[in-house]
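Visitor: Got a structure for you, written out below as structure tokens; questions coming shortly.
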Amino acid sequence: MTETRLRFPPSPTGYLHIGGARTALYNWLYARKTGGKLILRIEDTDAERSTQESIQGILDGLNWLGIDWDEGPYFQTEFESEHEERAQKLLDEGKAYKCFCTKEELDAKREAAQKNKSTYGYDGKCRHLSPQEVADKEAAGLPFVVRFKVPEEEGEIGYEDRVLGQIKAQYSEIEDFVIVRSSGKPLYLLCNVVDDIRDRISHIIRGQDHMTNTIRQVLLYQAFGAPVPVFAHMPLTLDLKKAKISKRKHGEIVAVHFYQEHGFIPWALSNFLVLLGWSSGDDKEFYTREELIEAFTLERINKSNSTFNYQPGNAKFFTDPKAIAFNEHYLRTMPIEELAVLVKPFLEEQAIWDDSYEGDRKEWFLSTLDLIRDRFHVLTDFADLGRAYFADDFPVEKKPLKKNVLKHEGLKEWLPMLADRYEALDDFNTENAEQTARDLATELDVKPGVIINGMRTVVTGQLAGPSMFDILTTIGREKVVSRLRNISSLYPD
Ligand code: GLU
């Protein structure tokens with residue numbers, strides 16, 4: 001069997017979009033599954049819109065997601081002369097021709113067709129110009145485009161789409177399409193094919209929005225005598241109102257870097273994205289990389305569009321809740337050492353990272369992450385909601401402050417009393433920390449909950465969290481005692 005060769009050819013005109021990332025993932029999965037190659041090719045021929053920043057953003061996004069490629073990045077602009085040579089070759093072989101029709105002429109024909117309610121297609125006027133006529137027009141300096149000569153055949157042309165089945169069109173429905181602009185610049189449609197032929201691409205997995213090009217591209221492959229690759233067109237991703245997800249409408253939530261900044265685990269996002277438009281046919285949702293590579297097939301890519309459960313403006317969650325559920329799953333179940341690596345940059349960003357977390361306090365750090373992760377959704381939660389574990393200056397949430405502290409004036413005395421008793425304990429462990437708190441509540445004749453909830457607020461700033469006494473021993477006696485003693489600072493003067 002010949003090697004499968006796939007490509008991801010983003011246009012560097014913005015950041016890596018989650019739709020683009022999904023395309024990259026499908027190509028990557030298929031390359032890995034078949035033991036083939038993934039080629040990264042930056043389609044940067046649109047000089048006005050392509051930026052270096054965007055190229056860097058795409059590379060960073062792919063790296064972050066863990067999508068590795070085997071060749072490239074190649075840049076389409078490096079092959080401009082090849083695109084021109086290929087167009088010239090089609091002209092030389094009589095498979096394309098120069099068209100001198102003016103815009104005004106074509107517009108008039110289009111309008112006339114619209115009036116007659118017939119569909120417009122270029123009528124092939126210049127197809128039959130004699131070589132002399134062409135030479136004269138060129139000598140007169142008339143501008144021209146190059147059009148592909150669609151074979152004058154009866155019947156249909158098409159391809160077998162691995163997702164959608166047979167896609168066909170009548171030859172007679174396809175107009176002689178433009179492949180080189182009057183500026184001499186080859187059209188994207190042609191460049192894309194020339195590059196895919198040079199890169200020996202065997203499979204093209206891309207969005208259904210590119211299908212408008214595919215039949216014409218099949219004609220180009222045939223004209224170049226090159227094998228036509230296997231096509232698999234993937235469904236689009238729409239929002240709840242059936243609009244294509246886009247930066248203009250949805251803002252940053254369509255950007256991969258947004259998920260990175262908001263504390264997503266790369267594989268959680270990848271797993272979620274792959275399932276937006278592909279399923280194995282059973283209910284399985286969470287896959288390891290190896291499992292997904294094994295399970296992935298082109299045939300099980302959905303035919304119909306997938307829904308990204310997010311509506312701009314009235315979203316309760318900052319993105320599709322299912323994406324968050326995927327992140328929670330991985331955050332709460334992944335090996336703790338791997339989680340620690342992912343949490344580190346978020347603590348660093350908040351200047352609450354300590355190198356000892358990788359040294360003599362590593363055990364403590366790992367067990368702390370394990371203790372607090374059960375309620376967390378995203379990695380930033382460790383630095384925000386979990387700040388009290390890593391720093392002494394942490395915010396106290398309004399709700400528990402009001403409900404569990406300010407409502408009980410007595411705590412101002414009781415918690416410092418508890419602090420004294422904690423300080424005096426021979427051994428500060430979960431059992432005797434709890435017993436001491438309960439004994440104090442009994443002596444004072446207050447509900448244990450008042451002491452415990454007050455303590456939780458003062459020690460962590462949060463309304464809820466893991467078992468209080470596990471928290472105490474994790475944060476450590478010294479800090480607990482000082483926070484309990486400091487309760488008065490939470491009351492207004
Ligand atoms: N550069 C195109 C895009 O970013 C890809 C076209 C293709 O896959 O053929 O949408």
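Here's how to read the names in the structure tokens: chain A, B, ... by the order shown, residue numbers from 1 in each chain, ligand numbers from 1 in the order shown.
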Can you pull out every residue from stretch 196-284 of chain A that DSSP, working from the backbone, puts in strand (DSSP E), and format the result as a PyMOL selection string?
Guide: chain A and resi 203-207+230-234+237-238
Visitor: Can you tell me, as number ranges by chain, what residues are no more than 12 Å from stretch 325-335 of chain A when counting only C-alpha atoms, ignoring any on the same chain fewer than 5 positions away?
Guide: A: 259-260, 262-275, 285-288, 317, 319-320, 340-343, 366-367, 369-382
Visitor: Would you list the residues that come within 9 Å of ligand 1? Count only C-alpha atoms and all ligand atoms and give the answer as a ChimeraX atom specification.
Guide: /A:7-13,20,23,41-44,188-189,192-193,196,204-207,209-210,213-214
Visitor: Which residue gives the smallest distance to A:Ser304 among A:His233, A:Lys33, A:Lys322, A:Lys284, with only C-alpha atoms counted?
Guide: A:His233
Visitor: Do a neighbour search on A:Trp278 at 6 Å with only C-alpha atoms, toss out local chain neighbours closer than 5 positions, and write the hits as a PyMOL selection string.
Guide: chain A and resi 300-302
Visitor: Atoms to include: all heavy atoms. Write the selected residues as a PDB file, in the first residue's frame.
Guide:
ATOM      1  N   ARG A 300     -17.092   7.449   9.673  1.00  0.00           N
ATOM      2  CA  ARG A 300     -17.954   7.804  10.807  1.00  0.00           C
ATOM      3  C   ARG A 300     -17.964   9.311  11.105  1.00  0.00           C
ATOM      4  O   ARG A 300     -18.473   9.752  12.117  1.00  0.00           O
ATOM      5  CB  ARG A 300     -17.578   7.000  12.052  1.00  0.00           C
ATOM      6  CG  ARG A 300     -17.908   5.502  11.882  1.00  0.00           C
ATOM      7  CD  ARG A 300     -18.342   4.893  13.178  1.00  0.00           C
ATOM      8  NE  ARG A 300     -19.513   5.556  13.705  1.00  0.00           N
ATOM      9  CZ  ARG A 300     -20.767   5.187  13.487  1.00  0.00           C
ATOM     10  NH1 ARG A 300     -21.034   4.130  12.751  1.00  0.00           N
ATOM     11  NH2 ARG A 300     -21.761   5.856  14.015  1.00  0.00           N
ATOM     12  N   ILE A 301     -17.393  10.071  10.198  1.00  0.00           N
ATOM     13  CA  ILE A 301     -17.562  11.531  10.307  1.00  0.00           C
ATOM     14  C   ILE A 301     -19.026  11.804   9.955  1.00  0.00           C
ATOM     15  O   ILE A 301     -19.556  11.236   8.995  1.00  0.00           O
ATOM     16  CB  ILE A 301     -16.618  12.274   9.319  1.00  0.00           C
ATOM     17  CG1 ILE A 301     -15.156  12.051   9.721  1.00  0.00           C
ATOM     18  CG2 ILE A 301     -16.954  13.762   9.287  1.00  0.00           C
ATOM     19  CD1 ILE A 301     -14.138  12.679   8.767  1.00  0.00           C
ATOM     20  N   ASN A 302     -19.678  12.632  10.753  1.00  0.00           N
ATOM     21  CA  ASN A 302     -21.106  12.904  10.511  1.00  0.00           C
ATOM     22  C   ASN A 302     -21.312  13.617   9.182  1.00  0.00           C
ATOM     23  O   ASN A 302     -20.475  14.401   8.761  1.00  0.00           O
ATOM     24  CB  ASN A 302     -21.669  13.833  11.595  1.00  0.00           C
ATOM     25  CG  ASN A 302     -21.598  13.212  12.966  1.00  0.00           C
ATOM     26  OD1 ASN A 302     -21.409  12.016  13.103  1.00  0.00           O
ATOM     27  ND2 ASN A 302     -21.737  14.040  13.985  1.00  0.00           N
TER      28      ASN A 302
END
Visitor: My list of candidates is A:Glu299, A:Lys98, A:Asp46, A:Ser118. Which is closest to A:Pro131 when distances are computed with only C-alpha atoms?
Guide: A:Lys98
Visitor: So how many Å separate atom CA of A:Ile245 and atom CA of A:Asp384, to one decimal?
Guide: 29.5 Å
Visitor: Could you check the closest approach to A:Lys137 for each of A:Cys99, A:Lys115, A:Ala108, A:Asp283 and tell me which residue wins, using only C-alpha atoms?
Guide: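 Once distances to A:Lys137 are computed over only C-alpha atoms, the minimum belongs to A:Cys99.
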Visitor: Go through A:Thr45, A:Asn63, A:Thr457, A:Gln88 and flag the residue nearest A:Val180, using only C-alpha atoms for the distances.
Guide: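 Comparing A:Thr45, A:Asn63, A:Thr457, A:Gln88 against A:Val180, the winner is A:Gln88.
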Visitor: Can you tell me which residues surround A:Trp353 at a distance of at most 12 Å, considering only C-alpha atoms, apart from same-chain residues fewer than 2 positions away, and format the answer as a list of chain:residue names?
Guide: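 Once the nearby chain positions are removed, what remains is A:Ala340, A:Val341, A:Val343, A:Lys344, A:Pro345, A:Phe346, A:Leu347, A:Glu348, A:Glu349, A:Gln350, A:Ala351, A:Asp355, A:Ser356, A:Tyr357, A:Glu358, A:Arg361, A:Phe365, A:Phe382, A:Ala383, A:Arg387, A:Tyr389, A:Phe390, A:Ala391.
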Visitor: A:His17, A:Arg147, A:Lys407, A:His203: which is nearest A:Tyr97, counting only C-alpha atoms?
Guide: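 The shortest atom-to-atom distance to A:Tyr97 comes from A:Arg147.
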Visitor: With distances taken over only C-alpha atoms, which residue among A:Arg110, A:Lys125, A:Lys37, A:His257 lies nearest A:Asp199?
Guide: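 Distance minimum relative to A:Asp199 lands on A:Lys37.
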Visitor: Within 9 Å of A:Thr237, counting only C-alpha atoms, which residues show up once you throw out same-chain ones fewer than 4 positions away? Write them as a ChimeraX atom specification, please.
Guide: /A:19,242-245,276-277,305-308
Visitor: Could you pull the residues within 12 Å of A:Asn404, counting only C-alpha atoms, minus those fewer than 6 positions along the same chain, as a list in words?
Guide: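 With the cut-off at 12 Å, the set is Val396, Glu397, Lys398, Gly410, Leu411, Lys412, Gly449, Val450, Ile451, Ile452, Asn453, Gly454, Met455, Arg456, Thr457, Val458, Gly461, Gln462, Leu463, Ala464, Ile487, Leu490 and Tyr491 of chain A.
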